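K.L.:
Take a look at the following structure, please.
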Amino acid sequence: MKRVLYFLIIPGHLKAVVASGILALFVLSTSAQDCIRGRVLDASNGQILPGASVNVINYGLVSTDANGNFKVCSLHSDTLTMLISFVGYQSKEEHVNLRQKASDYSFSLEPKSVLINDLVVTATRTDNRVLNTPVRVNLITPKLIESTALQNVDDVLKLAPGINYSRPFGIFSSKAIVTMRGLSGKEQGRVLVLLDGVPINKSDGGTVDWNMVDIGSVQKIEITKGPGSAIYGQNAMGGIINIITRAPSEAIKIRASVEAGSFWTFGEKINAGGTKKLGNSGNSFFWVANLFNKSSKGYITQSPADRAANPYIIKSSMKEEGVNVKAGLNFKSGNTLSAMVNYYNDHRGTGEKEFQPDGNVTDHDSYGMTLNYKGNSGKTKVNSSLYNFTENYKKVNEYIKDDYTWYNVLSVRRDIGWNTAMTRTYGRQEFTGGFDFRNGSVDAYDKYYTSTDIVYNKGKMNTYALFLQDEIGLSEKFRLIAGLRYDMADFYDGAFYITNPTMETAFMKDYQVPDMPVQHWQALSPRISLQYKWNETDRIYLLYSKGFRPSVLDDLCRSGRIKGGFKIANPALKPEYIDNYEAGIDLQAIEKLNFSTSLFYSPGKDFQYYVSNGQTIDMGFGDRPIFIRANISKVEIYGIETEFRYEASSDLSFYANYSYTHSLIRDYKKIASNDTINLSGKYLTDVPAHIFTAGGNWNNKLVNAGLAVHYNGPMYINDQNIKDDILQSVQYEGYTTVDLKLWRVFKDHYRLSLNVMNLLDKKYYDSKDAVCPGRFITGSFEVNF
């Protein structure tokens with residue numbers, strides 16, 4: 001897609017509307033006029049605020065309508081005092097002199113940086129206030145997103161307490177991993193990720209392609225800590241991340257931007273949307289479209305030693321493009337029917353080129369469609385979604401050992417599902433129940449072009465679930481939530497085999513399983529929590545929850561090379577489980593200063609680990625150990641998360657959080673008698689014991705600024721907690737990064753921004769001794785219509 005096309009498609013006749021950070025037209029009036037009319041908008045993004053309160057002193061209180069408009073009549077004074085307020089926003093008092101100005105009055109309500117009791121939907125699959133839900137929920141607000149230097153949507157998650165975030169190469173990383181609550185940072189599959197309530201973890205590996213979500217399309221992100229399997233099932237062992245996209249609220253709004261940055265990085269994007277009433281029916285049509293494109297020449301990620309030893313090293317580059325379109329109907333009855341279509345394609349070089357045009361590269365072609373119905377059936381609220389996601393993962397591998405080897409990977413990953421939740425209230429009790437179904441599949445091959453070998457693996461998994469939850473208001477101050485979910489999973493059509501084998505793949509021939517046995521699993525996941533809330537800002541809660549995760553298809557049906565050796569498929573691999581005991585407190589110590597903390601203890605059993613089967617294999621460059629994924633250990637995880645937020649004013653706010661996590665293998669069971677390794681008492685890899693984040697934002701007339709400081713503590717590199725052969729260290733060293741954003745809005749419609757990520761140019765390394773890009777500077781220009 002051509003970059004210039006983005007700007008050619010913007011209609012020139014559209015009247016400009018107020019951009020992010022400025023509120024639009026308010027009043028058309030004259031002295032002593034009978035009526036005053038206006039509109040109330042969000043100052044951070046220009047969106048309307050339906051239901052905002054407008055109190056014209058001595059003349060009455062009104063609320064804005066669905067379009068953010070209001071009208072107050074029977075005025076008999078030239079001077080008015082007006083109080084405007086809305087939940088989650090700073091209230092504002094304005095004095096209006098009708099003689100001095102006949103029109104063009106404007107009010108802008110700033111979002112509060114501390115939305116301690118905002119509405120969330122993820123924790124219970126129902127609409128609830130944060131402090132009415134006896135579980136730890138962290139909210140990434142629109143204001144925090146706007147004031148933070150970001151390249152990708154997952155970048156902002158590291159600002160939340162206790163988030164273990166890994167994207168060592170920034171925009172050049174083909175994947176990012178976001179985990180929490182002491183679970184290993186090597187795997188995404190233990191944290192469930194939702195996009196508007198629909199799961200986007202892949203059944204094949206549990207991974208999430210964070211790159212496909214444009215940060216400009218995101219309204220807010222809800223993070224629910226601790227196991228959520230009682231209402232969401234698999235993948236929700238450590239918690240749930242729900243990315244909620246923007247909904248249009250104006251007749252039409254368009255934002256177009258261009259950016260340029262370090263390493264010859266260039267990008268363009270358009271975010272557009274609108275609503276339209278359908279006659280006098282009371283129904284309306286809405287639509288949203290997001291398009292983005294980015295490319296970069298990149299940098300050399302390899303260590304100096306690798307560069308000296310390998311003459312084929314080149315820069316790791318990237319290019320990507322994506323489209324997201326959503327449209328639907330809002331009915332007068334309060335029901336909503338919508339459809340969303342996603343497309344994403346990327347091409348990322350991994351920094352080595354022998355003979356192929358682009359060298360070693362990865363490529364993701366992703367397509368998705370979601371249908372959603374949300375509304376009421378009598379007294380029952382219904383939220384139901386159908387989804388179908390397909391990812392064609394492609395990879396070119398070429399290398400020279402003794403001779404030249406070239407093979408391509410194609411892995412077709414599909415996930416199809418239907419999720420439904422229904423809620424009904426009886427007195428002080430609110431029952432939520434429903435069902436989830438999901439079919440996940442992988443059909444993949446490695447095709448060799450320097451020989452005749454083709455290595456196949458495939459498999460499918462069905463999961464079925466029923467769940468029920470009861471929210472009980474025991475009194476004005478006590479609230480109880482109890483839930484139970486039953487999951488059943490079937491693995492079938494699994495196979496691993498080789499056609500036309502040569503010496504290139506001869507070492508795999510003994511591990512072929514062309515017809516893997518069918519496997520069945522089931523799990524029962526309870527949750528119960530109790531809360532005492534003595535005022536609007538202060539509460540304590542106690543929680544018990546159980547989480548589980550069946551294996552991913554990659555471990556069930558694929559054998560192949562991994563770091564340090566060769567892994568064989570294990571179709572008999574069982575689910576893993578975790579029990580979570582938690583206590584939390586929220587306090588407003590003084591006005592505008594909010595404090596929260598959570599303590600948790602989470603023992604786990606049947607955890608899945610790669611362990612030696614006691615054998616070795618020669619893959620062409622010496623003997624290497626053979627590993628198999630097995631349920632071999634009990635783990636013990638406990639920790640604390642603490643957060644402070646202080647809002648000095650509507651223009652100045654600060655935050656700080658700290659987490660400590662202890663993640664230990666408590667009991668290790670060997671599967672081979674000649675296995676000399678004992679992991680009992682060893683720490684889980686890729687889990688920092690200490691994480692600290694602090695930052696703030698300051699809005700002013702000259703330039704707005706947002707600053708974030710993030711410290712990620714040392715982590716163990718390998719399971720044995722011994723010195724790594726490559727890094728020559730037991731742990732990755734801890735590191736601190738500082739990110740800065742500066743921006744200013746001009747004439748309501750134009751925005752200039754400067755993002756500086758890793759301001760101090762701190763270099764840190766991954767397990768292959770590859771280095772991060774260091775300081776990354778991006779400038780952008782945005783136009784709002």
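Scheme for the structure tokens: letters A, B, ... for chains in order shown; per-chain residue numbers from 1; ligand numbers from 1 in order shown.
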Dump as a tab-separated table the rows for residues of stretch 629-666 of chain A within 10 Å of stretch 88-98 of chain A: closest atom pair and distance in Å with one decimal, only C-alpha atoms counted, ordered by chain and rising residue number.

P.N.:
residue	atom	partner	partner_atom	distance
A:Ser649	CA	A:Gln90	CA	8.8
A:Ser650	CA	A:Gln90	CA	6.4
A:Asp651	CA	A:Gln90	CA	10.0

K.L.:
Got a sec to tell me which of stretch 432-678 of chain A DSSP assigns to strand (DSSP E), as an MDAnalysis selection string?

P.N.:
chainID A and resid 432:448 454:473 478:499 519:533 539:549 560:562 565:568 576:590 593:618 623:649 652:668

K.L.:
Excluding A:Ser217 and any residue of its chain fewer than 2 positions from it, enumerate the residues within 10 Å of it, using only C-alpha atoms, and give them as a list in words.

P.N.:
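After dropping sequence-adjacent residues, the list is Val153, Val213, Asp214, Ile215, Gln219, Lys220, Ile243, Ile244, Thr245, Arg246, Ala247, Ile270, Asn271, Ala272, Val288, Ala289, Asn290, Leu291 and Asn324 of chain A.
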
K.L.:
Per residue of stretch 77-187 of chain A within 12 Å of stretch 721-737 of chain A, what are the shortest atom pair and its distance in Å to one decimal, counting only C-alpha atoms, with rows by chain and residue number, as a tab-separated table?

P.N.:
residue	atom	partner	partner_atom	distance
A:Ala149	CA	A:Thr737	CA	11.8
A:Lys158	CA	A:Thr737	CA	11.2
A:Leu159	CA	A:Thr737	CA	11.7
A:Pro168	CA	A:Tyr735	CA	11.8

K.L.:
DSSP on the backbone, then: every residue of stretch 517-689 of chain A marked alpha helix (DSSP H), written as a PyMOL selection string.

P.N.:
chain A and resi 553-557

K.L.:
Point out the residue among A:Lys458, A:Lys374, A:Lys533, A:Arg479 with the least atom-to-atom distance to A:Asp555, counting only C-alpha atoms.

P.N.:
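Answer, going by the shortest atom-to-atom distance: A:Lys458.
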
K.L.:
Please measure the separation of atom CA of A:Leu192 and atom CA of A:Tyr165, giving the value in Å to one decimal.

P.N.:
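Those two atoms sit 14.5 Å apart.
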